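So the structure is just underneath, and the comments pick up after that.
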Amino acid sequence: MVQFHGAQPTLLGWWKSADKENGDAPCGETTIHDAALRITHPMFLVDVKGKPAVFQQGCAVIGKMQDASGFPLLGYAPALWPENFGDAIFKSEHQLKYPYVAGAMANAITSVNMVAAMGKAGMIGFFGAGGLTIDEIEAAVVDVQAQLNGHPYGFNLIHSPFDPELEKATVALYLRKGVRRVSAAAYMDLTLPLVHYRLRGIHRDPQGRIICPNKVVAKVSRVEVARKFFSPPPGKLVDQLLSEKLITREEADLSQFIPVAHDLTAEADSGGHTDNRAAIALLPTMLALRNELQARYGYSRPLCVGLAGGIATPHSTAAAFAMGAAYVLTGTVNQACVESGTSDTVRHLLAEAGQADVAMTPSADMFEMGVKVQVLKRGTMFPLRAAKLYEIYNACESLDHIPASQRAMLEKTCFHKSIEAEWEQTRAFFLKRDPGQIPLAEQDPKHKMALVFRSYLGQSCRWATSGNSARQMDYQIWCGPAIGAFNEWTKGSFLERPENRNVVTVAKNLLVGAAMITRLNWLSNQGIHLQPEETNFTPLPLETLNGLLTELRD
């Protein structure tokens, strides 16, 4: 039912029916809710003899000049296709239909299947290469390229301050295999491999335009780091690459006319590595920085800022685009989908989570630095156990200095073996993965303790993704509060059940729902009071969504 809020809405213009026979007293075609849901059709709210009615056909003239053959137009919302959200340049550069990105959750949680599904649906996914070996990443590259064959895709490039050789090897692999997009994550400063990736192959086309074959989509929550990505690469790194003959003189010269990343995701309160930023404050700050640096450097291809962290409902998706996001990036909700590279046990735990069921805990890759990640605390003891490891690390100088009572507790709850046996297992792992760590550990007892503790933290992720039932209390599940909002929104719908959560279905529900919510907000801002039931968007099956998206005007 349509109601007026206070005084009658301001007259926008005049509307005429497309049905000439009923032009004198047309009847409303539909309800506000149903009209808003038909997003490819315009909405007209018309005063028909003192009563409001909703139409999706006819024509309207905006303006106050009275038309005796028309009816007063009180509200209007144009058609809104989800592909029109976001920044047209971002979509064109990455060959996307929709401004929607599936973020690169490590350990292949953003899996080959997920990346393939997103690319074929006109979106893009970044494979979660973090935490994998070079051989595992290479196998995923081969698989993704075989499946997508012309569709957009990307791979994660995660900052590895304690394993720089892995970052270097990953970049070498991407360059060799022709991976043209990376999601640069967890960077606190720019590194030589990252800049190498960006500059390799940069050239001018016959028209003199600078072409950058390798695209970097940075994920950042701090302004000082974002400034580095939106600026040209530092001369010191460029000179080093040139001296090592990793780039040509032309690539070095052109480097000062491009940013390290044209595209940057403002990462708000999210799962995994996060600074728990508030999206409503972070995005405007990053947009202001974009404007400042675009004006300073005058890049030929404008900078773009997307938003991640909390994108889990149609309302949050609509809010992101309303604030000016070039695209939205999802993570936690994708992990809950059937294509994610995790276990069914994890998917069911995520399906039961609320917004408060998350906690910050020490990270495996930056343990010694005190960096934390956000994880699920419901159904697992991992956050408490990880925090205890960091507490012991700070209090003790070596494994031998751990008090007997705490040592016994660690052996029983975390390691399920003696600390000596845990060190031997850790040593064997690093001999294969990063042999240089072993001499350091033998010389520095505190570093040896850090490696043992990092081993537990790293294995906890694998136990979760593999569904190791014996170690469920040790599952490390990267998760942001968005999962609680998602579960609340999907409650009572087919998406409540984990087995029905398909990544493309979720994405299109968010986009179509955001279009509907946006159209309703347009009416509300014209003084139209809407009933709560008129503003609900309930998840719809993919077939129904595709029908709405392809529906043509009558």
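Chain labels A, B, ... are given in the sequence in which chains occur in the structure tokens; within each chain residues are numbered consecutively from 1, and ligands are likewise numbered from 1 in the order shown.
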
(request) Could you find all residues in range 187-324 of chain A that DSSP calls strand (DSSP E) from the backbone, and write them as a PyMOL selection string? (result) chain A and resi 203-204+210-211+215-220+263-267+272-273+304-308

(request) Check range 46-230 of chain A with DSSP on the backbone and list each residue it calls helix (DSSP H, G or I), as a ChimeraX atom specification. (result) /A:82-84,88-93,112-120,134-148,164-177,192-199,223-229

(request) Show which residues sit within 12 Å of Ala395 in chain A, as an MDAnalysis selection string. Count only C-alpha atoms, and ignore same-chain residues fewer than 6 positions away. (result) chainID A and resid 388:389 401:403 406 446 449

(message) Counting only C-alpha atoms, which residue out of A:Ala252, A:Ile32, A:Leu45, A:Ala53 sits closest to Gly75 in chain A?
(response) A:Leu45

(message) My list of candidates is A:Ile109, A:Ile137, A:Ile419, A:Ala359. Which is closest to Ala464 in chain A when distances are computed with only C-alpha atoms?
(response)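 Of all the options, A:Ile109 lies closest to Ala464 in chain A.
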
(request) Go through A:Thr426, A:Ala450, A:Thr332, A:Glu411 and flag the residue nearest Asn394 in chain A, using only C-alpha atoms for the distances. (result)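 Between A:Thr426, A:Ala450, A:Thr332, A:Glu411, the residue approaching Asn394 in chain A most closely is A:Ala450.
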
(message) Can you pull out the residues contacting Thr317 in chain A? Cut-off 7 Å, using only C-alpha atoms, and skip same-chain residues under 5 positions away; I want them as a VMD selection string.
(response) chain A and resid 311 510 514

Near range 175-194 of chain A, 10 Å: range 216-327 of chain A residue rows, closest pairs, only C-alpha atoms, as a tab-separated table:
residue	atom	partner	partner_atom	distance
A:Val216	CA	A:Val182	CA	5.2
A:Val217	CA	A:Ser183	CA	4.9
A:Ala218	CA	A:Ala184	CA	4.6
A:Lys219	CA	A:Ala185	CA	5.2
A:Val220	CA	A:Ala185	CA	7.2
A:Ser221	CA	A:Ala186	CA	9.3
A:Arg222	CA	A:Met188	CA	8.7
A:Glu224	CA	A:Met188	CA	8.9
A:Val225	CA	A:Met188	CA	6.2
A:Ala226	CA	A:Met188	CA	9.5
A:Lys228	CA	A:Leu190	CA	7.3
A:Phe229	CA	A:Leu190	CA	7.8
A:Pro233	CA	A:Leu190	CA	8.2
A:Pro234	CA	A:Leu190	CA	8.5
A:Lys236	CA	A:Leu192	CA	9.6
A:Leu237	CA	A:Leu192	CA	6.0
A:Val238	CA	A:Leu192	CA	8.3
A:Gln240	CA	A:Leu192	CA	8.2
A:Leu241	CA	A:Leu192	CA	7.4
A:Leu246	CA	A:Pro193	CA	10.0
A:Val260	CA	A:Leu194	CA	8.6
A:Ala261	CA	A:Ala184	CA	9.1
A:Asp263	CA	A:Ser183	CA	9.7
A:Leu264	CA	A:Ala184	CA	9.2
A:Thr265	CA	A:Ser183	CA	9.4
A:Glu267	CA	A:Ala185	CA	10.0
A:Gly272	CA	A:Ala186	CA	9.8
A:His273	CA	A:Ala186	CA	6.8
A:Thr274	CA	A:Ala186	CA	8.6

Keeping only N, CA, C and O atoms, write those residues as a tab-separated table (two decimals), in the first residue's frame.
chain	number	residue	atom	x	y	z
A	216	VAL	N	47.17	-4.59	-11.35
A	216	VAL	CA	47.21	-4.83	-9.91
A	216	VAL	C	45.95	-4.25	-9.29
A	216	VAL	O	45.63	-3.08	-9.49
A	217	VAL	N	45.21	-5.08	-8.57
A	217	VAL	CA	44.06	-4.63	-7.79
A	217	VAL	C	44.47	-4.74	-6.32
A	217	VAL	O	44.53	-5.84	-5.77
A	218	ALA	N	44.81	-3.62	-5.71
A	218	ALA	CA	45.31	-3.63	-4.34
A	218	ALA	C	44.15	-3.72	-3.35
A	218	ALA	O	43.07	-3.18	-3.60
A	219	LYS	N	44.40	-4.39	-2.23
A	219	LYS	CA	43.41	-4.46	-1.15
A	219	LYS	C	44.06	-3.81	0.08
A	219	LYS	O	45.03	-4.32	0.62
A	220	VAL	N	43.49	-2.67	0.51
A	220	VAL	CA	44.16	-1.81	1.47
A	220	VAL	C	43.16	-1.25	2.47
A	220	VAL	O	42.02	-0.95	2.12
A	221	SER	N	43.60	-1.10	3.72
A	221	SER	CA	42.74	-0.47	4.73
A	221	SER	C	43.37	0.78	5.33
A	221	SER	O	42.72	1.50	6.08
A	222	ARG	N	44.63	1.06	4.99
A	222	ARG	CA	45.33	2.22	5.54
A	222	ARG	C	45.63	3.23	4.44
A	222	ARG	O	46.14	2.87	3.37
A	224	GLU	N	47.94	5.51	4.27
A	224	GLU	CA	49.35	5.67	3.91
A	224	GLU	C	49.81	4.58	2.94
A	224	GLU	O	50.68	4.80	2.10
A	225	VAL	N	49.22	3.39	3.03
A	225	VAL	CA	49.55	2.32	2.09
A	225	VAL	C	48.84	2.56	0.76
A	225	VAL	O	49.42	2.36	-0.31
A	226	ALA	N	47.60	3.00	0.82
A	226	ALA	CA	46.85	3.31	-0.41
A	226	ALA	C	47.58	4.38	-1.22
A	226	ALA	O	47.60	4.32	-2.46
A	228	LYS	N	50.70	4.84	-1.56
A	228	LYS	CA	51.81	4.21	-2.28
A	228	LYS	C	51.32	3.48	-3.53
A	228	LYS	O	51.97	3.50	-4.57
A	229	PHE	N	50.17	2.81	-3.41
A	229	PHE	CA	49.63	2.08	-4.56
A	229	PHE	C	49.12	3.03	-5.64
A	229	PHE	O	49.22	2.72	-6.83
A	233	PRO	N	55.57	3.93	-9.05
A	233	PRO	CA	56.49	3.13	-8.23
A	233	PRO	C	57.72	3.93	-7.83
A	233	PRO	O	58.19	4.78	-8.59
A	234	PRO	N	58.24	3.69	-6.63
A	234	PRO	CA	59.40	4.44	-6.15
A	234	PRO	C	60.60	4.28	-7.08
A	234	PRO	O	60.89	3.19	-7.58
A	236	LYS	N	63.67	4.19	-6.41
A	236	LYS	CA	64.67	3.28	-5.88
A	236	LYS	C	64.41	1.85	-6.36
A	236	LYS	O	65.35	1.14	-6.76
A	237	LEU	N	63.14	1.42	-6.32
A	237	LEU	CA	62.81	0.07	-6.77
A	237	LEU	C	62.95	-0.05	-8.28
A	237	LEU	O	63.40	-1.09	-8.79
A	238	VAL	N	62.56	1.00	-9.00
A	238	VAL	CA	62.68	0.98	-10.46
A	238	VAL	C	64.15	0.86	-10.86
A	238	VAL	O	64.51	0.07	-11.75
A	240	GLN	N	66.57	-0.41	-9.13
A	240	GLN	CA	67.07	-1.73	-8.78
A	240	GLN	C	66.65	-2.76	-9.82
A	240	GLN	O	67.45	-3.62	-10.23
A	241	LEU	N	65.40	-2.69	-10.26
A	241	LEU	CA	64.93	-3.60	-11.30
A	241	LEU	C	65.71	-3.42	-12.59
A	241	LEU	O	66.04	-4.40	-13.28
A	246	LEU	N	65.83	-6.72	-14.91
A	246	LEU	CA	64.51	-7.34	-14.83
A	246	LEU	C	63.48	-6.55	-15.63
A	246	LEU	O	62.41	-7.07	-15.95
A	260	VAL	N	51.12	2.27	-9.28
A	260	VAL	CA	51.36	0.85	-9.03
A	260	VAL	C	50.06	0.07	-9.22
A	260	VAL	O	50.06	-1.04	-9.75
A	261	ALA	N	48.94	0.67	-8.82
A	261	ALA	CA	47.62	0.04	-9.01
A	261	ALA	C	46.62	1.09	-9.45
A	261	ALA	O	46.48	2.12	-8.78
A	263	ASP	N	43.51	0.26	-9.61
A	263	ASP	CA	42.31	-0.15	-8.88
A	263	ASP	C	42.68	-0.53	-7.46
A	263	ASP	O	43.64	-1.28	-7.24
A	264	LEU	N	41.90	-0.05	-6.51
A	264	LEU	CA	42.19	-0.29	-5.10
A	264	LEU	C	40.91	-0.59	-4.35
A	264	LEU	O	39.91	0.12	-4.49
A	265	THR	N	40.94	-1.66	-3.58
A	265	THR	CA	39.79	-2.04	-2.76
A	265	THR	C	39.97	-1.51	-1.35
A	265	THR	O	40.96	-1.84	-0.68
A	267	GLU	N	39.41	-1.94	2.13
A	267	GLU	CA	39.04	-3.12	2.90
A	267	GLU	C	38.59	-2.71	4.30
A	267	GLU	O	39.40	-2.32	5.14
A	272	GLY	N	39.92	-12.60	7.94
A	272	GLY	CA	41.34	-12.68	7.66
A	272	GLY	C	42.05	-11.40	8.08
A	272	GLY	O	41.72	-10.77	9.08
A	273	HIS	N	43.06	-11.00	7.29
A	273	HIS	CA	43.80	-9.77	7.58
A	273	HIS	C	42.86	-8.57	7.51
A	273	HIS	O	42.22	-8.34	6.49
A	274	THR	N	42.76	-7.81	8.57
A	274	THR	CA	41.85	-6.65	8.59
A	274	THR	C	42.27	-5.71	9.69
A	274	THR	O	42.85	-6.11	10.70

(request) Tell me which protein, DNA and RNA residues are within 10 Å of Asp357 in chain A, counting only C-alpha atoms, leaving out same-chain ones fewer than 5 positions away, and put them as a VMD selection string. (result) chain A and resid 350 352 375 to 379 479 to 481 483 to 484

(request) Find the spatial neighbours of range 55-59 of chain A, counting only C-alpha atoms, within a cut-off of 8 Å - ignore same-chain residues fewer than 3 positions away - and output them as number ranges by chain. (result) A: 15-19, 28-30, 35, 41-46, 554

Serialized selection, C-alpha atoms, as a tab-separated table (two decimals), in the first residue's frame:
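Dumped everything to result.tsv:
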chain	number	residue	atom	x	y	z
A	15	TRP	CA	1.95	10.89	-16.58
A	16	LYS	CA	-0.10	9.48	-19.45
A	17	SER	CA	-1.34	5.93	-19.83
A	18	ALA	CA	-0.20	3.82	-22.76
A	19	ASP	CA	-3.74	2.40	-22.85
A	28	GLY	CA	-2.66	0.57	-10.95
A	29	GLU	CA	-0.72	-2.21	-12.65
A	30	THR	CA	1.13	-3.54	-9.63
A	35	ALA	CA	7.25	-2.81	-9.42
A	41	HIS	CA	11.10	-1.39	-16.03
A	42	PRO	CA	10.55	2.17	-14.85
A	43	MET	CA	8.22	2.92	-11.91
A	44	PHE	CA	5.60	5.68	-11.99
A	45	LEU	CA	3.70	6.63	-8.85
A	46	VAL	CA	0.61	8.47	-10.08
A	554	ASP	CA	6.49	-4.61	-22.90

(request) Might you pull out every residue within 10 Å of Glu551 in chain A, with only C-alpha atoms counted and same-chain residues fewer than 6 positions away left off, and present them as a list in words? (result)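 The contact residues come out as Arg38, Ile39, Thr40, His41 and Leu545 of chain A.
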
Would you put the residues from that selection into a file with C-alpha atoms, as a PDB file, in the first residue's frame?
ATOM      1  CA  ARG A  38      10.991  -5.542 -11.961  1.00  0.00           C
ATOM      2  CA  ILE A  39      14.228  -3.610 -12.160  1.00  0.00           C
ATOM      3  CA  THR A  40      14.350  -3.396 -15.976  1.00  0.00           C
ATOM      4  CA  HIS A  41      11.095  -1.395 -16.035  1.00  0.00           C
ATOM      5  CA  LEU A 545      16.968 -13.722 -11.188  1.00  0.00           C
TER       6      LEU A 545
END

(message) Between CA of Glu496 in chain A and CA of Asp275 in chain A, what is the distance in Å, rounded to a tenth?
(response)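 Going from CA of Glu496 in chain A over to CA of Asp275 in chain A covers 29.0 Å.
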
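The nearest approach to Gly150 in chain A among the residues A:Arg296, A:Lys49, A:His203, A:His94, with only C-alpha atoms taken into account, belongs to A:His94.
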
(message) Could you tell me how far CA of Ala116 in chain A sits from CA of Val512 in chain A, in Å to one decimal place?
(response)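 Pair CA of Val512 in chain A / CA of Ala116 in chain A returns 21.2 Å.
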
(message) Under the rule that only C-alpha atoms are counted, which of A:Ala507, A:Leu11, A:Ile134, A:Ala288 is the nearest residue to Phe230 in chain A?
(response) A:Ala288

(message) Just to confirm, what's the straight-line distance from CA of Asp344 in chain A to CA of Asn487 in chain A in Å (one decimal)?
(response) 16.3 Å
